[in-house]
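**Student:** Got a structure for you, written out below as structure tokens; questions coming shortly.
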Amino acid sequence: MEKHLFLAGHTACYGCGEALGARLVVDAAGPNIITTDATGCLEVFSSRWPQSAWAVPFIHSLFENSAAVASGVEAALKAMGRQGEAKVIAQGGDGGTADIGLQCLSGMFERGHDILYVCYDNEAYMNTGVQRSGLTPYDSDTRTSPSGKVSWGNRYLKKDMPAIAAAHGVPYIATASVAYPKDVQSKVKKALSITGPKYVQVHVPCPLGWKSDPALTIKVAKLAVETGLYPIFEMENGVVTKVRKIPRPAKPVTEYLKLQGRFAHLFKKGGGEAEVKKIQQIADENIKKYGLLSEAAEKVAVEKE
Amino acid sequence: MKVILGGLAQPATSLANNTGTWRNYIPVFLQKTCTGCTICAIVCPEGCVYSVEKKKFTFDAKYCKGCGMCAAECPVDDIEMVMEEK
């Protein structure tokens, strides 16, 4: 087998996007890193005591303090005069980042630690059985936001984590998706070349929680980007510097929603069209806000006509 | 396996797990139209797909959970998923 720093034998579900994401991140970062992790799927399936799927130093402490533990690691390296020897990567799921770990993450940003924080965003608390988190998208069916006679699922919008990080004056912020593995890896490499706190949010499908076909993990992730629901961009010193353009015209959100059981109620219950329209509106706003549509494709389309 | 007290684990010890026993479907690498794009090796969540030589890929059956991502993403449909008889 090829040499990886995140190894096989971990107990993730089949088709897990997070397992793929974690491997891409640590492989890109290389062996000279120290990683911390918040409680969550990643910690549970990769470090089932007495085994570990990590070939790099890995610390798990609590749900909320991945960023705080990483801050301590970085401060210790500095105090020992060994900060050049290893880069520090803090990791967490969407719940451990946007809800439970937000204050520790905010502290890490505020103190300006030289740490890369990677958030694996699978859009709910999958480890404990699919409860909604701050990064769960609108109308998603989860155990704590079930769809039913009256409810359409999660009624809150996804938290804008990159904007929260940007408000702290973080020098490098990026979003990425496992549908574009090389993009994830180049963003991790770029982030590690910058001194100071960095935030990278990787979109990782969860076949169990999203009720999608495990084989289609990459396809689902790609559709999230191509419909405009998950904008991929880089933000340096508060300014969006790079955006992954999507083919024009953007795909309708129904293509993305229909592949997932967590949105199935939108197509079964009367009145679902209005809800789908709202989700389309979210995608359209993203496309407008980040200028996602490619100009090149437009030219190609005109030539074809 | 040597167990260390105190919540510590040795690195790279998960390789002892035979996650391949979870599998219902097994990938068959036909090795006919392969272009050597390496997508199958990149997208495998287990990281257990590897190349034996250029344009010839295979997988480690000890770890493959049979998710079918390699077959779904292969741009030339050179990988098939078949029901595994045990």
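Labels used: A, B, ... for chains in the order of the structure tokens, numbers from 1 for residues in each chain, and numbers from 1 for ligands as shown.
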Can you build me a table of chain B residues sitting at most 8 Å from chain A, with the closest atom pair per residue and its distance in Å to one decimal, using only C-alpha atoms, sorted by chain and residue number, as a tab-separated table?
**Tutor:**
```
residue	atom	partner	partner_atom	distance
B:Val3	CA	A:Pro50	CA	6.3
B:Ile4	CA	A:Pro50	CA	7.5
B:Gly7	CA	A:Trp49	CA	7.0
B:Leu8	CA	A:Pro50	CA	7.1
B:Ala9	CA	A:Pro50	CA	5.1
B:Gln10	CA	A:Ser52	CA	6.5
B:Pro11	CA	A:Ala55	CA	5.0
B:Ala12	CA	A:Ala55	CA	5.0
B:Thr13	CA	A:Gln51	CA	5.0
B:Ser14	CA	A:Ala53	CA	4.8
B:Leu15	CA	A:Gly9	CA	4.8
B:Ala16	CA	A:Gly9	CA	6.7
B:Asn17	CA	A:Gly9	CA	4.8
B:Asn18	CA	A:Gly9	CA	6.5
B:Thr19	CA	A:Gly9	CA	5.8
B:Ile42	CA	A:Pro181	CA	7.5
B:Val43	CA	A:Leu20	CA	6.8
B:Cys44	CA	A:Leu20	CA	6.9
B:Pro45	CA	A:Leu20	CA	4.4
B:Glu46	CA	A:Ala8	CA	4.9
B:Gly47	CA	A:Ala8	CA	6.2
B:Cys48	CA	A:Met1	CA	6.3
B:Val49	CA	A:Met1	CA	7.1
B:Tyr50	CA	A:Met1	CA	5.6
B:Phe59	CA	A:Met1	CA	7.9
B:Asp60	CA	A:Met1	CA	7.3
B:Tyr63	CA	A:Gly9	CA	6.0
B:Lys65	CA	A:Tyr14	CA	5.9
B:Gly66	CA	A:Tyr14	CA	7.1
B:Cys67	CA	A:Tyr14	CA	5.0
B:Gly68	CA	A:Ala215	CA	4.6
B:Met69	CA	A:Ala215	CA	4.3
B:Cys70	CA	A:Ala215	CA	7.8
B:Ala71	CA	A:Ala215	CA	7.8
B:Ala72	CA	A:Ala215	CA	6.0
B:Glu73	CA	A:Ile218	CA	7.5
```
**Student:** Give me, as a PyMOL selection string, the residues of chain B that a backbone DSSP run labels helix (DSSP H, G or I).
**Tutor:** chain B and resi 14-16+19-22+39-43+69-73
**Student:** Go ahead and write the selection's residues with C-alpha atoms as a PDB file, in the first residue's frame.
**Tutor:**
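As written to disk, part03.pdb reads:
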```pdb
ATOM      1  CA  SER B  14      -5.107   0.591  13.544  1.00  0.00           C
ATOM      2  CA  LEU B  15      -3.598  -1.531  10.771  1.00  0.00           C
ATOM      3  CA  ALA B  16      -4.443  -4.546  12.958  1.00  0.00           C
ATOM      4  CA  THR B  19     -12.225  -3.686   8.309  1.00  0.00           C
ATOM      5  CA  GLY B  20     -12.541  -5.730   5.107  1.00  0.00           C
ATOM      6  CA  THR B  21     -14.908  -8.084   6.943  1.00  0.00           C
ATOM      7  CA  TRP B  22     -17.599  -5.348   6.804  1.00  0.00           C
ATOM      8  CA  ILE B  39      -8.502   9.076  -8.898  1.00  0.00           C
ATOM      9  CA  CYS B  40      -9.436   5.686  -7.354  1.00  0.00           C
ATOM     10  CA  ALA B  41      -6.382   5.817  -5.098  1.00  0.00           C
ATOM     11  CA  ILE B  42      -7.065   9.419  -4.084  1.00  0.00           C
ATOM     12  CA  VAL B  43     -10.766   9.071  -3.222  1.00  0.00           C
ATOM     13  CA  MET B  69     -16.377   5.238  -4.299  1.00  0.00           C
ATOM     14  CA  CYS B  70     -13.491   4.078  -6.524  1.00  0.00           C
ATOM     15  CA  ALA B  71     -15.933   2.458  -8.980  1.00  0.00           C
ATOM     16  CA  ALA B  72     -18.300   5.467  -8.941  1.00  0.00           C
ATOM     17  CA  GLU B  73     -15.508   7.957  -9.595  1.00  0.00           C
TER      18      GLU B  73
END
```
**Student:** Grab the atom CA of B:Pro27 to atom CA of B:Lys55 distance for me, in Å with one decimal place.
**Tutor:** 16.4 Å
**Student:** Hey, which of A:Lys277, A:Tyr256, A:Asp284, A:Pro171 ends up closest to A:Glu234? Count only C-alpha atoms.
**Tutor:**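 With only C-alpha atoms as the atom set, the closest residue is A:Pro171.
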**Student:** Compile the contact shell of A:Lys159 as a ChimeraX atom specification: residues with an atom at most 8 Å away, counting only C-alpha atoms, same-chain residues fewer than 6 positions apart removed.
**Tutor:** /A:98,134-135
**Student:** The selected residues should be written to file as a CSV table (one decimal), in the first residue's frame (atoms: C-alpha atoms).
**Tutor:**
```csv
chain,number,residue,atom,x,y,z
A,98,ALA,CA,-19.0,26.1,15.4
A,134,GLY,CA,-24.7,25.4,13.9
A,135,LEU,CA,-23.5,24.3,10.5
```
**Student:** Between atom CA of A:Ser177 and atom CA of A:Val202, what is the spacing in Å?
**Tutor:**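 These two atoms are separated by 5.1 Å.
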**Student:** What's the separation between atom CA of A:Asp114 and atom CA of A:Ala176, in Å to one decimal place?
**Tutor:**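 So the answer is 20.6 Å.
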